[in-house]
$ cat work-v6.txt   # compact mmCIF, C-alpha atoms
# COMPACT_ATOMS: atom_id res chain seq x y z
CA MET A 1 65.18 157.57 99.62
CA ARG A 2 67.91 157.44 102.24
CA ILE A 3 69.26 160.56 103.96
CA ILE A 4 72.74 160.69 105.49
CA ALA A 5 72.85 163.74 107.78
CA VAL A 6 76.18 165.09 109.02
CA HIS A 7 76.93 167.54 111.84
CA LEU A 8 80.13 168.31 113.73
CA LEU A 9 79.58 169.26 117.38
CA ASN A 10 76.50 167.91 119.16
CA ASN A 11 75.47 170.38 121.87
CA TYR A 12 72.53 172.58 122.88
CA SER A 13 73.14 175.42 120.43
CA GLY A 14 70.95 176.54 117.52
CA SER A 15 72.28 174.59 114.53
CA PRO A 16 71.98 171.08 116.08
CA LYS A 17 68.49 172.00 117.29
CA VAL A 18 67.45 172.80 113.72
CA LEU A 19 68.92 169.51 112.48
CA MET A 20 67.05 167.69 115.24
CA GLN A 21 63.79 169.15 113.90
CA LEU A 22 64.71 168.02 110.38
CA LEU A 23 65.57 164.50 111.53
CA LYS A 24 62.26 164.15 113.36
CA GLY A 25 60.36 165.34 110.27
CA TRP A 26 62.13 162.88 107.96
CA THR A 27 61.63 159.86 110.22
CA LYS A 28 57.99 160.88 110.72
CA ASN A 29 57.62 160.54 106.93
CA ASN A 30 59.21 157.06 107.00
CA ILE A 31 62.47 158.14 105.35
CA GLU A 32 65.49 156.05 106.31
CA THR A 33 67.72 158.49 108.16
CA HIS A 34 71.33 158.16 109.33
CA LEU A 35 73.19 160.72 111.46
CA TYR A 36 76.96 161.22 111.67
CA THR A 37 78.11 163.47 114.50
CA CYS A 38 80.65 163.51 117.32
CA GLY A 39 79.75 161.98 120.67
CA GLY A 40 78.48 163.97 123.61
CA THR A 41 75.13 165.18 124.85
CA GLY A 42 73.01 167.65 122.90
CA PHE A 43 69.91 168.10 120.77
CA LEU A 44 71.06 165.29 118.46
CA SER A 45 71.17 162.66 121.20
CA ASN A 46 68.73 159.73 121.18
CA ILE A 47 66.37 160.80 118.39
CA SER A 48 63.84 158.05 117.76
CA GLY A 49 64.11 156.33 114.38
CA VAL A 50 67.55 157.76 113.51
CA LYS A 51 70.50 155.43 113.00
CA ASN A 52 73.46 157.00 114.78
CA HIS A 53 77.10 156.88 113.69
CA PHE A 54 79.84 158.65 115.62
CA TYR A 55 83.22 160.02 114.61
CA TRP A 56 85.98 161.66 116.63
CA TYR A 57 86.13 165.40 117.23
CA ARG A 58 87.29 167.49 120.16
CA PHE A 59 86.67 171.20 120.57
CA ALA A 60 89.72 173.17 121.73
CA LYS A 61 89.94 176.81 122.81
CA ASN A 62 93.30 177.25 121.08
CA PRO A 63 92.46 178.08 117.43
CA ILE A 64 95.47 176.20 116.01
CA ILE A 65 94.64 173.04 117.95
CA ARG A 66 90.99 173.48 117.01
CA LEU A 67 91.86 173.59 113.31
CA PHE A 68 94.03 170.51 113.71
CA CYS A 69 91.18 168.65 115.46
CA LEU A 70 88.77 169.70 112.70
CA GLY A 71 91.10 168.34 110.02
CA ILE A 72 91.61 165.01 111.81
CA SER A 73 87.88 164.66 112.44
CA GLN A 74 87.09 165.15 108.76
CA PHE A 75 89.64 162.50 107.80
CA PHE A 76 87.91 159.98 110.07
CA LEU A 77 84.47 161.09 108.85
CA SER A 78 85.52 160.64 105.22
CA LEU A 79 86.74 157.09 105.92
CA LYS A 80 83.39 156.19 107.46
CA LEU A 81 81.27 157.79 104.73
CA VAL A 82 83.15 156.26 101.81
CA PHE A 83 81.90 152.81 102.89
CA LEU A 84 78.27 153.89 103.45
CA LEU A 85 77.35 156.50 100.84
CA THR A 86 75.86 155.50 97.51
CA LYS A 87 74.96 157.58 94.48
CA LYS A 88 71.25 157.26 95.31
CA ASP A 89 71.62 158.80 98.79
CA VAL A 90 70.90 162.37 99.85
CA LEU A 91 73.85 163.73 101.85
CA TYR A 92 72.61 166.52 104.13
CA ILE A 93 75.44 168.55 105.71
CA ASN A 94 74.56 170.87 108.60
CA THR A 95 76.83 173.99 108.68
CA VAL A 96 79.95 174.43 106.55
CA LEU A 97 82.28 172.70 109.02
CA PRO A 98 81.98 169.00 107.99
CA PHE A 99 83.88 169.62 104.74
CA GLY A 100 85.07 166.00 104.53
CA ALA A 101 81.49 164.89 103.94
CA GLY A 102 81.08 167.34 101.06
CA ILE A 103 84.23 166.09 99.33
CA ILE A 104 83.22 162.42 99.64
CA GLY A 105 79.71 163.22 98.42
CA LYS A 106 81.16 164.95 95.36
CA ILE A 107 83.44 161.99 94.60
CA ILE A 108 80.61 159.47 94.91
CA GLY A 109 78.22 161.67 92.94
CA CYS A 110 75.22 161.72 95.29
CA LYS A 111 72.99 164.70 95.96
CA VAL A 112 74.82 167.00 98.41
CA ILE A 113 72.72 169.54 100.33
CA TYR A 114 74.35 172.06 102.67
CA HIS A 115 72.23 173.72 105.37
CA LEU A 116 73.96 177.02 106.11
CA HIS A 117 73.51 178.90 109.38
CA GLU A 118 76.65 181.03 109.37
CA THR A 119 78.60 183.65 107.48
CA GLY A 120 82.06 185.20 107.72
CA MET A 121 83.92 182.53 109.69
CA LYS A 122 87.38 183.34 111.03
CA PRO A 123 90.18 183.20 110.10
CA LYS A 124 89.41 184.39 106.59
CA ILE A 125 91.47 181.62 104.98
CA LEU A 126 89.28 179.00 106.72
CA ASN A 127 86.13 180.81 105.59
CA THR A 128 87.40 180.87 101.99
CA PHE A 129 88.28 177.18 102.11
CA LEU A 130 85.01 176.00 103.68
CA PHE A 131 82.74 178.01 101.40
CA GLY A 132 84.93 177.00 98.46
CA VAL A 133 84.20 173.35 99.30
CA VAL A 134 80.47 174.19 99.42
CA GLN A 135 80.64 175.91 96.02
CA TYR A 136 82.47 172.96 94.46
CA CYS A 137 80.68 170.04 96.14
CA ALA A 138 77.08 171.08 96.82
CA THR A 139 74.18 170.43 94.48
CA ASP A 140 71.80 172.46 96.66
CA VAL A 141 72.15 175.00 99.47
CA VAL A 142 69.58 175.76 102.17
CA TYR A 143 69.81 179.14 103.94
CA VAL A 144 68.15 180.03 107.24
CA SER A 145 67.26 183.55 106.07
CA ASN A 146 67.11 185.80 103.02
CA PHE A 147 69.87 187.87 104.59
CA LEU A 148 72.26 184.91 104.61
CA ALA A 149 71.33 183.94 101.05
CA LYS A 150 72.19 187.45 99.82
CA GLN A 151 75.32 187.62 101.97
CA GLU A 152 76.91 184.44 100.60
CA ASN A 153 75.20 184.28 97.18
CA LEU A 154 76.76 180.96 96.16
CA LYS A 155 76.14 179.99 92.51
CA ILE A 156 74.16 176.88 93.44
CA ASN A 157 70.47 175.97 93.51
CA LYS A 158 69.23 177.63 96.73
CA SER A 159 66.25 177.50 99.06
CA ILE A 160 65.24 179.49 102.14
CA LEU A 161 64.14 177.38 105.08
CA TYR A 162 63.44 179.51 108.13
CA ASN A 163 64.05 178.04 111.56
CA VAL A 164 60.75 177.30 113.27
CA ILE A 165 59.13 176.50 116.59
CA GLU A 166 58.14 172.91 117.30
CA ASN A 167 54.44 172.30 117.90
CA ASP A 168 55.11 170.93 121.39
CA PHE A 169 57.06 174.07 122.27
CA ARG A 170 54.23 176.31 121.01
CA LYS A 171 51.59 174.38 122.98
CA LYS A 172 53.59 174.78 126.20
CA ALA A 173 54.02 178.49 125.48
CA GLU A 174 50.30 179.03 124.88
CA ILE A 175 49.50 177.69 128.36
CA HIS A 176 51.51 180.49 129.94
CA LEU A 177 50.55 183.44 127.72
CA ASN A 178 49.43 186.58 129.59
CA GLU A 179 50.56 185.24 132.96
CA LYS A 180 51.48 187.92 135.46
CA LYS A 181 55.25 188.14 136.00
CA GLU A 182 56.72 188.08 139.48
CA ALA A 183 59.40 190.60 138.51
CA LYS A 184 60.42 192.78 135.58
CA LEU A 185 63.11 190.52 134.13
CA ILE A 186 65.29 191.05 131.04
CA LEU A 187 66.65 187.81 129.61
CA MET A 188 69.42 186.95 127.15
CA ILE A 189 70.35 183.40 126.07
CA SER A 190 73.68 183.19 124.27
CA SER A 191 76.88 181.31 123.63
CA MET A 192 79.77 182.59 125.74
CA LYS A 193 81.42 184.66 123.03
CA VAL A 194 82.45 188.30 123.43
CA TYR A 195 80.96 189.15 120.02
CA LYS A 196 77.56 187.98 121.32
CA GLY A 197 77.48 191.06 123.54
CA ILE A 198 77.65 189.32 126.91
CA ASN A 199 79.77 192.11 128.38
CA GLN A 200 77.25 194.67 127.08
CA PHE A 201 74.52 192.77 128.89
CA VAL A 202 76.44 193.07 132.16
CA LYS A 203 76.84 196.83 131.60
CA LEU A 204 73.14 197.13 130.83
CA ALA A 205 72.28 195.44 134.14
CA ARG A 206 74.62 197.82 135.94
CA ILE A 207 72.97 200.97 134.55
CA ASN A 208 69.43 199.66 135.16
CA PRO A 209 69.43 198.66 138.85
CA LYS A 210 65.62 198.77 139.20
CA TYR A 211 65.17 195.80 136.83
CA HIS A 212 66.28 192.17 137.08
CA PHE A 213 68.60 190.66 134.46
CA LYS A 214 69.34 187.03 133.64
CA LEU A 215 72.10 185.87 131.30
CA VAL A 216 72.03 182.20 130.26
CA LEU A 217 75.23 181.03 128.59
CA ASN A 218 76.00 177.84 126.67
CA ALA A 219 78.90 177.10 129.01
CA THR A 220 79.75 175.39 132.29
CA SER A 221 79.76 177.14 135.66
CA ASN A 222 83.58 176.96 135.77
CA GLU A 223 83.87 178.57 132.32
CA ILE A 224 81.53 181.36 133.42
CA ASP A 225 83.46 181.95 136.66
CA ASN A 226 86.74 182.14 134.75
CA HIS A 227 85.36 184.62 132.24
CA PHE A 228 83.98 187.04 134.85
CA LYS A 229 86.54 186.44 137.63
CA LYS A 230 88.05 189.93 137.32
CA GLU A 231 84.70 191.68 137.26
CA ILE A 232 82.40 192.74 140.08
CA LEU A 233 78.98 191.78 138.81
CA PRO A 234 75.89 193.88 139.64
CA THR A 235 73.55 192.44 142.27
CA ASN A 236 70.53 192.57 139.93
CA LEU A 237 72.20 190.15 137.49
CA VAL A 238 72.07 186.34 137.54
CA ILE A 239 74.29 184.32 135.19
CA CYS A 240 73.37 180.69 134.53
CA PRO A 241 75.19 177.84 132.76
CA THR A 242 73.71 175.73 129.94
CA GLN A 243 70.00 175.04 130.44
CA LYS A 244 68.42 172.02 128.75
CA GLU A 245 64.93 173.28 129.59
CA VAL A 246 64.23 176.87 128.46
CA HIS A 247 60.48 177.15 129.08
CA GLN A 248 60.90 178.33 132.66
CA LEU A 249 63.25 181.05 131.42
CA TYR A 250 60.68 182.49 129.00
CA GLN A 251 57.84 182.10 131.50
CA GLU A 252 59.56 184.40 133.98
CA ALA A 253 61.00 186.89 131.46
CA SER A 254 59.45 190.20 130.40
CA ILE A 255 61.81 191.14 127.55
CA VAL A 256 64.42 189.15 125.61
CA LEU A 257 67.54 190.75 124.16
CA ASN A 258 70.06 189.93 121.46
CA LEU A 259 73.14 192.15 121.82
CA THR A 260 75.40 190.72 119.09
CA LEU A 261 78.14 193.20 118.18
CA THR A 262 77.43 193.87 114.50
CA LYS A 263 80.99 194.99 113.74
CA LEU A 264 82.25 191.55 114.78
CA CYS A 265 79.35 189.28 113.84
CA THR A 266 75.95 189.46 112.15
CA GLU A 267 73.08 187.25 113.28
CA THR A 268 71.81 185.10 110.42
CA PHE A 269 68.51 184.27 112.15
CA GLY A 270 68.03 184.26 115.95
CA LEU A 271 66.21 181.18 117.24
CA THR A 272 66.00 182.40 120.85
CA ILE A 273 64.26 185.54 119.59
CA LEU A 274 61.65 183.42 117.79
CA GLU A 275 61.14 181.34 120.95
CA ALA A 276 60.63 184.54 122.93
CA MET A 277 58.08 185.82 120.39
CA THR A 278 56.13 182.55 120.75
CA TYR A 279 55.82 183.41 124.45
CA GLY A 280 54.56 186.88 123.53
CA LEU A 281 57.76 188.58 124.70
CA PRO A 282 58.84 191.84 123.02
CA THR A 283 62.48 191.74 121.94
CA ILE A 284 65.31 194.18 121.32
CA VAL A 285 67.76 193.11 118.61
CA PRO A 286 70.44 194.55 116.27
CA PRO A 287 69.19 196.54 113.26
CA ILE A 288 70.92 194.35 110.65
CA GLY A 289 71.03 190.64 109.79
CA GLY A 290 68.53 187.82 109.58
CA VAL A 291 67.00 188.75 112.93
CA THR A 292 65.32 191.73 111.22
CA GLU A 293 63.20 189.20 109.30
CA LEU A 294 61.68 188.33 112.69
CA VAL A 295 61.50 191.65 114.51
CA GLU A 296 59.68 194.63 113.01
CA ASN A 297 60.77 197.87 114.63
CA GLN A 298 58.13 199.28 117.01
CA GLU A 299 55.71 196.49 116.07
CA ASN A 300 56.85 193.42 118.00
CA GLY A 301 60.13 194.80 119.31
CA PHE A 302 62.88 197.34 118.71
CA LEU A 303 65.87 197.39 116.38
CA VAL A 304 68.75 199.02 118.26
CA ASP A 305 72.52 198.64 117.88
CA SER A 306 73.98 196.85 120.90
CA GLN A 307 76.54 199.62 121.44
CA GLU A 308 73.74 202.08 122.21
CA LEU A 309 73.11 200.95 125.77
CA ASP A 310 71.43 204.20 126.81
CA LEU A 311 68.91 203.87 123.99
CA ILE A 312 68.31 200.20 124.83
CA SER A 313 67.72 201.24 128.45
CA LEU A 314 65.11 203.76 127.29
CA LYS A 315 63.35 201.11 125.21
CA ILE A 316 63.34 198.69 128.16
CA GLU A 317 61.79 201.34 130.38
CA GLU A 318 59.31 202.31 127.67
CA LEU A 319 58.10 198.70 127.43
CA LEU A 320 58.05 197.87 131.13
CA GLU A 321 56.39 201.10 132.27
CA ASN A 322 53.76 201.28 129.50
CA PRO A 323 51.34 198.32 129.80
CA LEU A 324 49.37 199.26 126.67
CA LEU A 325 52.50 199.38 124.49
CA TYR A 326 53.74 196.12 126.02
CA GLN A 327 50.44 194.35 125.33
CA LYS A 328 50.35 195.60 121.72
CA MET A 329 53.89 194.38 121.04
CA SER A 330 53.23 191.08 122.83
CA LEU A 331 50.22 190.29 120.63
CA SER A 332 52.16 191.31 117.53
CA ALA A 333 55.04 189.00 118.52
CA ILE A 334 52.68 186.03 118.91
CA THR A 335 51.05 186.72 115.53
CA LYS A 336 54.41 186.99 113.76
CA SER A 337 55.72 183.79 115.36
CA LYS A 338 52.86 181.72 113.93
CA PHE A 339 54.34 181.93 110.44
CA PHE A 340 57.36 179.95 111.66
CA ASP A 341 55.56 176.70 112.41
CA GLU A 342 56.58 173.06 112.25
CA ASP A 343 54.14 172.10 109.47
CA TYR A 344 55.68 174.64 107.06
CA PHE A 345 59.17 173.45 108.04
CA GLU A 346 58.40 169.77 107.51
CA LYS A 347 56.69 170.22 104.14
CA GLU A 348 59.37 172.56 102.83
CA SER A 349 62.24 170.31 103.95
CA ILE A 350 60.64 167.30 102.22
CA ARG A 351 60.23 169.37 99.05
CA ILE A 352 63.89 170.40 99.13
CA ILE A 353 65.29 166.88 99.51
CA SER A 354 62.84 165.46 96.93
CA ASN A 355 63.62 167.90 94.09
$ encode --input "work-v6.txt" --output "structure tokens"
Amino acid sequence: MRIIAVHLLNNYSGSPKVLMQLLKGWTKNNIETHLYTCGGTGFLSNISGVKNHFYWYRFAKNPIIRLFCLGISQFFLSLKLVFLLTKKDVLYINTVLPFGAGIIGKIIGCKVIYHLHETGMKPKILNTFLFGVVQYCATDVVYVSNFLAKQENLKINKSILYNVIENDFRKKAEIHLNEKKEAKLILMISSMKVYKGINQFVKLARINPKYHFKLVLNATSNEIDNHFKKEILPTNLVICPTQKEVHQLYQEASIVLNLTLTKLCTETFGLTILEAMTYGLPTIVPPIGGVTELVENQENGFLVDSQELDLISLKIEELLENPLLYQKMSLSAITKSKFFDEDYFEKESIRIISN
């Protein structure tokens, strides 16, 4: 078996991290694995045993230019794949964006597996086109949650493959469980998108001056400065650019939040929430979406809409001022996180590609 994996933008966000875990599992099982992605530094860089191939793509803030760059990138990707793919290969496409790969895979007639992390892309015409390509070209679809599988409901053979925590990550977390925190710190790790609730996090810090807040964004310092340049930030808030190493963040945190605005976007899973649970951190997340398959209300966290900042503030205070409740939720979070382990992920992914 030979697997040709395809991803668009290599960075330190969730979807390339999941593909990195897949690639490591396949090479560990002596499967010949090739990766096509754009250049740059991210989770997909320098993975041992993977044969790398690069194609051109450039992210642009302007949506029209971004669409143009996507189209050009898929043309170049298609030219590269048409000379490598054979009918015996497994073509594994991460996210809906590399549509050129799906079309070439369909033409050649190999097994085409899409790993879907997203739903409801904008503009709507792009969403219709991309998911239309999936419906026409894919032989199998892998969803990151039951929520996403029900949301899209493509008429293709489907599997659920939850995102998981790597064994090395879990071992590092276990060393620091139950450590006393220096301060009562609320953490959120997010991409720098308004619909991720980053402005709500700033407001939350402002109305809770007795606690410390840290916002870690997948962006550069200049991008962060430009976004908040017209705003006077509260003194109890620290905003950090992209962090390659996240263990220190969870070690110092007391609570982790996800404040995605559900009217604009619905979380399909929530990898940072799972990482927080592995560290025994209670979480507060939206009441809908794939993240509810991780967080059970009042068991290992709270389900609260991100617009209800006063209620979120009450839940933060309830957790941080009630040690017995905090300890109960912390233990429950650790127990729940153990289901999402690397061994399950590796075995299930091998089963999916071998069907």
$ closest_residue --input "work-v6.txt" --among "A:Phe59, A:Thr119, A:Asn94, A:Phe131" --to "Lys150 of chain A" --atoms "only C-alpha atoms"
A:Thr119
$ atom_distance --input "work-v6.txt" --atom1 "atom CA of Glu179 of chain A" --atom2 "atom CA of Phe269 of chain A"
27.5 Å
$ residues_near_point --input "work-v6.txt" --point "(78.8, 178.5, 92.0)" --cutoff "8 Å" --atoms "only C-alpha atoms" --output "MDAnalysis selection string"
chainID A and resid 135:136 154:156
$ closest_residue --input "work-v6.txt" --among "A:Ile255, A:Ala5, A:Asn157, A:Asn62" --to "Thr37 of chain A" --atoms "all atoms listed in the file"
A:Ala5
$ closest_atom_pairs --input "work-v6.txt" --of "segment 250-286 of chain A" --to "segment 209-220 of chain A" --cutoff "10 Å" --atoms "only C-alpha atoms" --output "Markdown table"
| residue | atom | partner | partner_atom | distance |
| --- | --- | --- | --- | --- |
| A:Ala253 | CA | A:Lys214 | CA | 8.6 |
| A:Ser254 | CA | A:His212 | CA | 9.8 |
| A:Ile255 | CA | A:Phe213 | CA | 9.7 |
| A:Val256 | CA | A:Lys214 | CA | 9.7 |
| A:Leu257 | CA | A:Leu215 | CA | 9.8 |
$ atom_distance --input "work-v6.txt" --atom1 "atom CA of Met20 of chain A" --atom2 "atom CA of Lys61 of chain A"
25.8 Å
$ decode --input "work-v6.txt" --residues "segment 191-209 of chain A" --atoms "N, CA, C and O atoms" --output "PDB file, in the first residue's frame"
ATOM      1  N   SER A 191      -7.201  30.708  16.694  1.00  0.00           N
ATOM      2  CA  SER A 191      -6.789  31.465  15.517  1.00  0.00           C
ATOM      3  C   SER A 191      -7.318  32.885  15.668  1.00  0.00           C
ATOM      4  O   SER A 191      -8.266  33.125  16.424  1.00  0.00           O
ATOM      5  N   MET A 192      -6.716  33.833  14.959  1.00  0.00           N
ATOM      6  CA  MET A 192      -7.108  35.234  15.137  1.00  0.00           C
ATOM      7  C   MET A 192      -8.275  35.585  14.208  1.00  0.00           C
ATOM      8  O   MET A 192      -8.150  36.353  13.256  1.00  0.00           O
ATOM      9  N   LYS A 193      -9.416  35.006  14.519  1.00  0.00           N
ATOM     10  CA  LYS A 193     -10.640  35.253  13.780  1.00  0.00           C
ATOM     11  C   LYS A 193     -11.688  35.814  14.742  1.00  0.00           C
ATOM     12  O   LYS A 193     -11.821  35.329  15.870  1.00  0.00           O
ATOM     13  N   VAL A 194     -12.441  36.797  14.302  1.00  0.00           N
ATOM     14  CA  VAL A 194     -13.464  37.404  15.153  1.00  0.00           C
ATOM     15  C   VAL A 194     -14.473  36.364  15.603  1.00  0.00           C
ATOM     16  O   VAL A 194     -14.926  36.365  16.755  1.00  0.00           O
ATOM     17  N   TYR A 195     -14.832  35.410  14.688  1.00  0.00           N
ATOM     18  CA  TYR A 195     -15.849  34.425  15.037  1.00  0.00           C
ATOM     19  C   TYR A 195     -15.354  33.425  16.080  1.00  0.00           C
ATOM     20  O   TYR A 195     -16.137  32.655  16.632  1.00  0.00           O
ATOM     21  N   LYS A 196     -14.050  33.446  16.389  1.00  0.00           N
ATOM     22  CA  LYS A 196     -13.520  32.586  17.444  1.00  0.00           C
ATOM     23  C   LYS A 196     -13.741  33.183  18.843  1.00  0.00           C
ATOM     24  O   LYS A 196     -13.384  32.574  19.854  1.00  0.00           O
ATOM     25  N   GLY A 197     -14.298  34.396  18.885  1.00  0.00           N
ATOM     26  CA  GLY A 197     -14.627  34.997  20.170  1.00  0.00           C
ATOM     27  C   GLY A 197     -13.467  35.680  20.863  1.00  0.00           C
ATOM     28  O   GLY A 197     -13.482  35.853  22.086  1.00  0.00           O
ATOM     29  N   ILE A 198     -12.469  36.133  20.092  1.00  0.00           N
ATOM     30  CA  ILE A 198     -11.303  36.754  20.729  1.00  0.00           C
ATOM     31  C   ILE A 198     -11.664  38.100  21.367  1.00  0.00           C
ATOM     32  O   ILE A 198     -11.102  38.471  22.396  1.00  0.00           O
ATOM     33  N   ASN A 199     -12.615  38.808  20.776  1.00  0.00           N
ATOM     34  CA  ASN A 199     -13.043  40.074  21.377  1.00  0.00           C
ATOM     35  C   ASN A 199     -13.850  39.819  22.650  1.00  0.00           C
ATOM     36  O   ASN A 199     -13.782  40.601  23.609  1.00  0.00           O
ATOM     37  N   GLN A 200     -14.601  38.715  22.691  1.00  0.00           N
ATOM     38  CA  GLN A 200     -15.341  38.341  23.896  1.00  0.00           C
ATOM     39  C   GLN A 200     -14.369  38.009  25.032  1.00  0.00           C
ATOM     40  O   GLN A 200     -14.627  38.316  26.196  1.00  0.00           O
ATOM     41  N   PHE A 201     -13.248  37.401  24.667  1.00  0.00           N
ATOM     42  CA  PHE A 201     -12.257  37.054  25.690  1.00  0.00           C
ATOM     43  C   PHE A 201     -11.683  38.319  26.327  1.00  0.00           C
ATOM     44  O   PHE A 201     -11.470  38.369  27.547  1.00  0.00           O
ATOM     45  N   VAL A 202     -11.435  39.333  25.505  1.00  0.00           N
ATOM     46  CA  VAL A 202     -10.935  40.608  26.030  1.00  0.00           C
ATOM     47  C   VAL A 202     -11.965  41.235  26.974  1.00  0.00           C
ATOM     48  O   VAL A 202     -11.620  41.716  28.065  1.00  0.00           O
ATOM     49  N   LYS A 203     -13.237  41.206  26.590  1.00  0.00           N
ATOM     50  CA  LYS A 203     -14.300  41.733  27.457  1.00  0.00           C
ATOM     51  C   LYS A 203     -14.380  40.961  28.761  1.00  0.00           C
ATOM     52  O   LYS A 203     -14.602  41.543  29.834  1.00  0.00           O
ATOM     53  N   LEU A 204     -14.215  39.660  28.673  1.00  0.00           N
ATOM     54  CA  LEU A 204     -14.284  38.812  29.867  1.00  0.00           C
ATOM     55  C   LEU A 204     -13.163  39.167  30.840  1.00  0.00           C
ATOM     56  O   LEU A 204     -13.376  39.225  32.060  1.00  0.00           O
ATOM     57  N   ALA A 205     -11.973  39.429  30.308  1.00  0.00           N
ATOM     58  CA  ALA A 205     -10.852  39.849  31.162  1.00  0.00           C
ATOM     59  C   ALA A 205     -11.164  41.194  31.828  1.00  0.00           C
ATOM     60  O   ALA A 205     -10.847  41.404  33.014  1.00  0.00           O
ATOM     61  N   ARG A 206     -11.807  42.066  31.078  1.00  0.00           N
ATOM     62  CA  ARG A 206     -12.105  43.401  31.595  1.00  0.00           C
ATOM     63  C   ARG A 206     -13.098  43.355  32.759  1.00  0.00           C
ATOM     64  O   ARG A 206     -12.984  44.139  33.715  1.00  0.00           O
ATOM     65  N   ILE A 207     -14.069  42.440  32.703  1.00  0.00           N
ATOM     66  CA  ILE A 207     -15.092  42.394  33.763  1.00  0.00           C
ATOM     67  C   ILE A 207     -14.704  41.440  34.897  1.00  0.00           C
ATOM     68  O   ILE A 207     -15.469  41.286  35.857  1.00  0.00           O
ATOM     69  N   ASN A 208     -13.509  40.834  34.793  1.00  0.00           N
ATOM     70  CA  ASN A 208     -13.024  39.957  35.869  1.00  0.00           C
ATOM     71  C   ASN A 208     -11.603  40.348  36.265  1.00  0.00           C
ATOM     72  O   ASN A 208     -10.654  39.571  36.080  1.00  0.00           O
ATOM     73  N   PRO A 209     -11.422  41.538  36.820  1.00  0.00           N
ATOM     74  CA  PRO A 209     -10.075  42.058  37.089  1.00  0.00           C
ATOM     75  C   PRO A 209      -9.288  41.269  38.143  1.00  0.00           C
ATOM     76  O   PRO A 209      -8.065  41.390  38.201  1.00  0.00           O
TER      77      PRO A 209
END
